[in-house]
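Q: File protein_28.pdb follows (PDB, C-alpha atoms and all ligand atoms):
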ATOM      1  CA  MET A   1      44.390  25.786-183.049  1.00  0.00           C
ATOM      2  CA  TYR A   2      43.781  29.474-182.414  1.00  0.00           C
ATOM      3  CA  GLY A   3      40.373  28.624-180.957  1.00  0.00           C
ATOM      4  CA  ALA A   4      41.963  26.185-178.485  1.00  0.00           C
ATOM      5  CA  VAL A   5      44.337  28.885-177.253  1.00  0.00           C
ATOM      6  CA  ILE A   6      41.410  31.238-176.627  1.00  0.00           C
ATOM      7  CA  VAL A   7      39.497  28.527-174.746  1.00  0.00           C
ATOM      8  CA  MET A   8      42.580  27.795-172.596  1.00  0.00           C
ATOM      9  CA  LYS A   9      42.938  31.481-171.768  1.00  0.00           C
ATOM     10  CA  MET A  10      39.272  31.684-170.815  1.00  0.00           C
ATOM     11  CA  LEU A  11      39.542  28.579-168.641  1.00  0.00           C
ATOM     12  CA  LYS A  12      42.591  30.047-166.904  1.00  0.00           C
ATOM     13  CA  THR A  13      40.656  33.246-166.161  1.00  0.00           C
ATOM     14  CA  ILE A  14      37.627  31.297-164.867  1.00  0.00           C
ATOM     15  CA  ILE A  15      39.765  29.098-162.603  1.00  0.00           C
ATOM     16  CA  LYS A  16      41.561  32.223-161.294  1.00  0.00           C
ATOM     17  CA  GLN A  17      38.205  33.805-160.427  1.00  0.00           C
ATOM     18  CA  PHE A  18      37.197  30.744-158.382  1.00  0.00           C
ATOM     19  CA  THR A  19      40.485  30.379-156.530  1.00  0.00           C
ATOM     20  CA  HIS A  20      41.356  34.026-155.730  1.00  0.00           C
ATOM     21  CA  LYS A  21      39.767  36.126-152.986  1.00  0.00           C
ATOM     22  CA  PRO A  22      37.872  39.174-154.326  1.00  0.00           C
ATOM     23  CA  VAL A  23      39.880  42.404-154.235  1.00  0.00           C
ATOM     24  CA  THR A  24      36.925  44.367-152.880  1.00  0.00           C
ATOM     25  CA  THR A  25      35.417  44.065-149.382  1.00  0.00           C
ATOM     26  CA  LYS A  26      31.794  43.221-148.644  1.00  0.00           C
ATOM     27  CA  PHE A  27      31.045  46.656-147.156  1.00  0.00           C
ATOM     28  CA  PRO A  28      28.796  47.323-145.213  1.00  0.00           C
ATOM     29  CA  ALA A  29      28.603  43.650-144.120  1.00  0.00           C
ATOM     30  CA  GLU A  30      32.357  43.891-143.432  1.00  0.00           C
ATOM     31  CA  PRO A  31      33.585  47.133-141.846  1.00  0.00           C
ATOM     32  CA  ALA A  32      35.635  49.425-144.092  1.00  0.00           C
ATOM     33  CA  LYS A  33      39.403  49.464-143.572  1.00  0.00           C
ATOM     34  CA  LYS A  34      40.696  52.460-141.650  1.00  0.00           C
ATOM     35  CA  PHE A  35      44.190  53.840-141.974  1.00  0.00           C
ATOM     36  CA  GLU A  36      46.035  56.337-139.819  1.00  0.00           C
ATOM     37  CA  ALA A  37      45.551  59.062-142.430  1.00  0.00           C
ATOM     38  CA  THR A  38      41.880  58.231-143.175  1.00  0.00           C
ATOM     39  CA  ARG A  39      39.815  61.421-143.137  1.00  0.00           C
ATOM     40  CA  GLY A  40      36.638  60.619-141.246  1.00  0.00           C
ATOM     41  CA  HIS A  41      35.148  63.638-139.566  1.00  0.00           C
ATOM     42  CA  ILE A  42      36.090  66.812-137.697  1.00  0.00           C
ATOM     43  CA  VAL A  43      35.971  66.653-133.909  1.00  0.00           C
ATOM     44  CA  PHE A  44      35.444  69.839-131.886  1.00  0.00           C
ATOM     45  CA  ASP A  45      36.523  70.431-128.293  1.00  0.00           C
ATOM     46  CA  PRO A  46      34.187  73.124-126.865  1.00  0.00           C
ATOM     47  CA  SER A  47      36.340  73.634-123.779  1.00  0.00           C
ATOM     48  CA  LYS A  48      39.233  75.108-125.831  1.00  0.00           C
ATOM     49  CA  CYS A  49      37.383  77.287-128.346  1.00  0.00           C
ATOM     50  CA  THR A  50      37.871  81.033-127.826  1.00  0.00           C
ATOM     51  CA  SER A  51      35.233  81.904-130.492  1.00  0.00           C
ATOM     52  CA  CYS A  52      37.914  83.645-132.579  1.00  0.00           C
ATOM     53  CA  THR A  53      35.901  82.757-135.753  1.00  0.00           C
ATOM     54  CA  ILE A  54      39.030  82.038-137.861  1.00  0.00           C
ATOM     55  CA  CYS A  55      37.718  78.568-138.788  1.00  0.00           C
ATOM     56  CA  MET A  56      34.394  80.058-139.934  1.00  0.00           C
ATOM     57  CA  LYS A  57      36.062  82.782-142.030  1.00  0.00           C
ATOM     58  CA  ARG A  58      38.575  80.461-143.702  1.00  0.00           C
ATOM     59  CA  CYS A  59      36.502  77.284-144.263  1.00  0.00           C
ATOM     60  CA  PRO A  60      36.395  76.859-148.068  1.00  0.00           C
ATOM     61  CA  SER A  61      32.912  75.342-148.012  1.00  0.00           C
ATOM     62  CA  GLN A  62      31.363  77.592-145.339  1.00  0.00           C
ATOM     63  CA  ALA A  63      30.585  74.556-143.226  1.00  0.00           C
ATOM     64  CA  ILE A  64      31.361  76.217-139.877  1.00  0.00           C
ATOM     65  CA  THR A  65      29.337  78.870-138.068  1.00  0.00           C
ATOM     66  CA  VAL A  66      30.500  80.535-134.871  1.00  0.00           C
ATOM     67  CA  ASP A  67      27.854  82.454-132.948  1.00  0.00           C
ATOM     68  CA  ARG A  68      29.988  84.459-130.520  1.00  0.00           C
ATOM     69  CA  ALA A  69      27.050  86.100-128.736  1.00  0.00           C
ATOM     70  CA  ASN A  70      25.338  82.813-127.883  1.00  0.00           C
ATOM     71  CA  LYS A  71      28.546  80.752-127.647  1.00  0.00           C
ATOM     72  CA  ILE A  72      27.451  78.221-130.264  1.00  0.00           C
ATOM     73  CA  TRP A  73      29.826  76.459-132.691  1.00  0.00           C
ATOM     74  CA  THR A  74      28.153  74.633-135.570  1.00  0.00           C
ATOM     75  CA  ILE A  75      29.392  72.376-138.351  1.00  0.00           C
ATOM     76  CA  ASP A  76      27.360  71.309-141.367  1.00  0.00           C
ATOM     77  CA  ARG A  77      28.597  67.790-142.132  1.00  0.00           C
ATOM     78  CA  PHE A  78      26.947  67.890-145.576  1.00  0.00           C
ATOM     79  CA  LYS A  79      28.995  70.942-146.561  1.00  0.00           C
ATOM     80  CA  CYS A  80      32.309  69.900-144.975  1.00  0.00           C
ATOM     81  CA  VAL A  81      34.713  68.467-147.559  1.00  0.00           C
ATOM     82  CA  ILE A  82      37.046  67.178-144.812  1.00  0.00           C
ATOM     83  CA  CYS A  83      40.001  69.161-146.171  1.00  0.00           C
ATOM     84  CA  GLY A  84      41.420  69.513-142.662  1.00  0.00           C
ATOM     85  CA  GLY A  85      42.168  73.216-143.194  1.00  0.00           C
ATOM     86  CA  CYS A  86      40.352  74.294-140.018  1.00  0.00           C
ATOM     87  CA  ILE A  87      42.541  71.976-137.935  1.00  0.00           C
ATOM     88  CA  GLU A  88      45.659  73.738-139.178  1.00  0.00           C
ATOM     89  CA  MET A  89      44.117  77.207-138.821  1.00  0.00           C
ATOM     90  CA  CYS A  90      42.868  76.839-135.246  1.00  0.00           C
ATOM     91  CA  LYS A  91      45.612  78.192-132.982  1.00  0.00           C
ATOM     92  CA  PHE A  92      43.872  76.859-129.912  1.00  0.00           C
ATOM     93  CA  LYS A  93      43.989  73.212-130.988  1.00  0.00           C
ATOM     94  CA  CYS A  94      40.281  72.598-130.510  1.00  0.00           C
ATOM     95  CA  LEU A  95      39.829  70.789-133.809  1.00  0.00           C
ATOM     96  CA  SER A  96      41.058  67.347-134.794  1.00  0.00           C
ATOM     97  CA  MET A  97      40.385  64.615-137.343  1.00  0.00           C
ATOM     98  CA  GLU A  98      38.931  61.259-136.414  1.00  0.00           C
ATOM     99  CA  ASN A  99      39.206  58.398-138.880  1.00  0.00           C
ATOM    100  CA  THR A 100      35.628  57.214-138.365  1.00  0.00           C
ATOM    101  CA  TYR A 101      32.908  58.576-140.621  1.00  0.00           C
ATOM    102  CA  SER A 102      30.158  60.719-139.122  1.00  0.00           C
ATOM    103  CA  ALA A 103      26.767  59.121-138.670  1.00  0.00           C
ATOM    104  CA  ALA A 104      24.402  59.055-141.619  1.00  0.00           C
ATOM    105  CA  ALA A 105      21.824  61.829-141.703  1.00  0.00           C
ATOM    106  CA  THR A 106      18.707  62.475-143.730  1.00  0.00           C
ATOM    107  CA  PRO A 107      18.371  65.671-145.802  1.00  0.00           C
ATOM    108  CA  ALA A 108      15.812  66.846-143.223  1.00  0.00           C
ATOM    109  CA  GLU A 109      18.348  66.467-140.410  1.00  0.00           C
ATOM    110  CA  ARG A 110      20.941  68.262-142.595  1.00  0.00           C
ATOM    111  CA  GLY A 111      23.849  66.674-140.711  1.00  0.00           C
ATOM    112  CA  ILE A 112      24.279  69.801-138.612  1.00  0.00           C
ATOM    113  CA  ASP A 113      26.112  69.352-135.307  1.00  0.00           C
ATOM    114  CA  GLU A 114      25.822  72.134-132.767  1.00  0.00           C
ATOM    115  CA  TYR A 115      28.036  72.570-129.696  1.00  0.00           C
ATOM    116  CA  VAL A 116      27.863  74.939-126.762  1.00  0.00           C
ATOM    117  CA  ILE A 117      31.255  76.600-126.272  1.00  0.00           C
ATOM    118  CA  THR A 118      32.343  76.078-122.679  1.00  0.00           C
ATOM    119  CA  TYR A 119      35.728  77.835-122.810  1.00  0.00           C
ATOM    120  CA  VAL A 120      36.309  80.222-119.925  1.00  0.00           C
ATOM    121  CA  LYS A 121      39.012  82.836-120.334  1.00  0.00           C
ATOM    122  CA  PRO A 122      41.495  82.458-117.510  1.00  0.00           C
ATOM    123  CA  GLU A 123      41.823  85.444-115.243  1.00  0.00           C
ATOM    124  CA  ARG A 124      44.999  87.454-115.535  1.00  0.00           C
ATOM    125  CA  PRO A 125      47.132  87.348-112.414  1.00  0.00           C
ATOM    126  CA  LYS A 126      46.713  90.592-110.503  1.00  0.00           C
ATOM    127  CA  LYS A 127      49.700  92.881-110.411  1.00  0.00           C
ATOM    128  CA  GLU A 128      51.201  93.078-106.994  1.00  0.00           C
ATOM    129  CA  GLU A 129      50.886  96.531-105.528  1.00  0.00           C
ATOM    130  CA  PRO A 130      54.141  98.078-104.454  1.00  0.00           C
ATOM    131  CA  LYS A 131      54.650  97.761-100.719  1.00  0.00           C
ATOM    132  CA  SER A 132      54.410 101.014 -98.838  1.00  0.00           C
ATOM    133  CA  GLU A 133      57.347 101.664 -96.553  1.00  0.00           C
TER     134      GLU A 133
HETATM  135  S1  LIG A 201      37.449  76.294-133.297  1.00  0.00           S
HETATM  136 FE1  LIG A 201      39.426  77.325-133.134  1.00  0.00          FE
HETATM  137  S2  LIG A 201      39.512  78.662-134.926  1.00  0.00           S
HETATM  138 FE2  LIG A 201      37.371  78.047-134.648  1.00  0.00          FE
HETATM  139  S3  LIG A 201      36.470  79.684-133.420  1.00  0.00           S
HETATM  140 FE3  LIG A 201      37.148  78.093-132.012  1.00  0.00          FE
HETATM  141  S4  LIG A 201      39.205  78.732-131.424  1.00  0.00           S
HETATM  142 FE4  LIG A 201      38.704  79.872-133.256  1.00  0.00          FE
HETATM  143  S1  LIG A 202      37.571  70.260-142.788  1.00  0.00           S
HETATM  144 FE1  LIG A 202      37.659  71.843-144.396  1.00  0.00          FE
HETATM  145  S2  LIG A 202      35.593  71.963-145.182  1.00  0.00           S
HETATM  146 FE2  LIG A 202      35.467  70.841-143.266  1.00  0.00          FE
HETATM  147  S3  LIG A 202      34.974  72.397-141.744  1.00  0.00           S
HETATM  148 FE3  LIG A 202      37.206  72.202-141.789  1.00  0.00          FE
HETATM  149  S4  LIG A 202      37.906  73.771-143.247  1.00  0.00           S
HETATM  150 FE4  LIG A 202      35.719  73.468-143.569  1.00  0.00          FE
END
Translate this file's structure into structure tokens.

A:
Amino acid sequence: MYGAVIVMKMLKTIIKQFTHKPVTTKFPAEPAKKFEATRGHIVFDPSKCTSCTICMKRCPSQAITVDRANKIWTIDRFKCVICGGCIEMCKFKCLSMENTYSAAATPAERGIDEYVITYVKPERPKKEEPKSE
């Protein structure tokens, strides 16, 4: 009797396996699901960066390098843990999160992305000289 119960339970499980869709996706054959809050990769806008270096100093994994002299901003995608801290720290809103993952890279390529900073400091409006009477 006990054996029959076990066999019934097993049959139920087997039938369930054949009739239910798998809970996992067939990635990479099927694209991975993306949600609004998915952390993909950091996006940098070189036209807004003032080279203040805050992101470089505060990045917990030292993934960012800012070369002020040569106006180069670099991110090491292998080091970045996608914490999003730099986005919050940048006062100039040049960093954002995209929910797509960065392209695969080989260890030789090191996943390093380099950008030329194109920000130009706006000129201060000249003070009007007092009119001579
Ligand atoms: S990305 Fe933002 S925080 Fe980083 S150097 Fe540029 S302006 Fe400063
Ligand atoms: S997301 Fe985090 S780890 Fe990645 S560069 Fe920004 S502060 Fe550094």

Q: Could the residues of chain A that have an atom at most 7 Å from ligand LIG 202 (chain A) be listed as CSV, each with its closest atom pair and the distance in Å to one decimal, counting all atoms listed in the file and ordered by chain and ascending residue number?

A:
residue,atom,partner,partner_atom,distance
A:Ile42,CA,A:LIG202,S1,6.3
A:Cys55,CA,A:LIG202,S4,6.6
A:Arg58,CA,A:LIG202,S4,6.7
A:Cys59,CA,A:LIG202,S4,3.9
A:Pro60,CA,A:LIG202,FE4,5.7
A:Ser61,CA,A:LIG202,S2,5.2
A:Gln62,CA,A:LIG202,FE4,6.3
A:Ala63,CA,A:LIG202,S3,5.1
A:Ile64,CA,A:LIG202,S3,5.6
A:Ile75,CA,A:LIG202,S3,6.5
A:Lys79,CA,A:LIG202,S2,6.8
A:Cys80,CA,A:LIG202,FE2,3.7
A:Val81,CA,A:LIG202,S2,4.3
A:Ile82,CA,A:LIG202,S1,3.7
A:Cys83,CA,A:LIG202,FE1,4.0
A:Gly84,CA,A:LIG202,S1,3.9
A:Gly85,CA,A:LIG202,S4,4.3
A:Cys86,CA,A:LIG202,S4,4.1
A:Ile87,CA,A:LIG202,FE3,6.6

Q: Return as JSON the centre and edge lengths, in Å with one decimal, of the box along x, y and z that encloses every atom of ligand LIG 201 (chain A) in the file, padded by 6 Å per side.

A:
{"center_x": 38.0, "center_y": 78.1, "center_z": -133.2, "size_x": 15.0, "size_y": 15.6, "size_z": 15.5}

Q: Between chain A and ligand LIG 201 (chain A), at 7 Å or less, what are the per-residue closest atom pairs and their distances in Å? Count only C-alpha atoms and all ligand atoms, order by chain and rising residue number, and return it as a tab-separated table.

A:
residue	atom	partner	partner_atom	distance
A:Phe44	CA	A:LIG201	S1	6.9
A:Lys48	CA	A:LIG201	S4	6.7
A:Cys49	CA	A:LIG201	FE3	3.8
A:Thr50	CA	A:LIG201	S4	4.5
A:Ser51	CA	A:LIG201	S3	3.9
A:Cys52	CA	A:LIG201	FE4	3.9
A:Thr53	CA	A:LIG201	S3	3.9
A:Ile54	CA	A:LIG201	S2	4.5
A:Cys55	CA	A:LIG201	FE2	4.2
A:Met56	CA	A:LIG201	FE2	6.4
A:Val66	CA	A:LIG201	S3	6.2
A:Cys86	CA	A:LIG201	S2	6.8
A:Met89	CA	A:LIG201	S2	6.2
A:Cys90	CA	A:LIG201	S2	3.8
A:Lys91	CA	A:LIG201	FE1	6.2
A:Phe92	CA	A:LIG201	S4	5.3
A:Lys93	CA	A:LIG201	FE1	6.5
A:Cys94	CA	A:LIG201	S1	5.4
A:Leu95	CA	A:LIG201	S1	6.0

Q: Please enumerate the residues selected by the PyMOL selection byres (((chain A and resi 117) around 6) and not hetatm) when evaluated against the supplied file, formatted as a short mmCIF file (atom, residue, chain, number, x, y, z; two decimals) with C-alpha atoms, keeping the file's coordinate frame.

A:
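That gives us result.cif:
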data_model
loop_
_atom_site.label_atom_id
_atom_site.label_comp_id
_atom_site.auth_asym_id
_atom_site.auth_seq_id
_atom_site.Cartn_x
_atom_site.Cartn_y
_atom_site.Cartn_z
CA PRO A 46 34.19 73.12 -126.86
CA LYS A 71 28.55 80.75 -127.65
CA ILE A 72 27.45 78.22 -130.26
CA VAL A 116 27.86 74.94 -126.76
CA THR A 118 32.34 76.08 -122.68
CA TYR A 119 35.73 77.83 -122.81
#

Q: Quote the spacing between CA of His41 in chain A and CA of Glu98 in chain A in Å to one decimal place.

A: 5.5 Å

Q: Under the rule that all atoms listed in the file are counted, which of A:Arg77, A:Arg39, A:Arg68, A:Lys126 is the nearest residue to Ser96 in chain A?

A: A:Arg39

Q: Quick one: pull the distance between CA of Phe27 in chain A and CA of Lys12 in chain A, Å, one decimal.

A: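 For CA of Phe27 in chain A relative to CA of Lys12 in chain A, the distance reads 28.3 Å.
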
Q: What is the CA of Lys21 in chain A-CA of Thr100 in chain A distance in Å, reported with one decimal?

A: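 Computing the Euclidean distance for CA of Lys21 in chain A and CA of Thr100 in chain A yields 26.0 Å.
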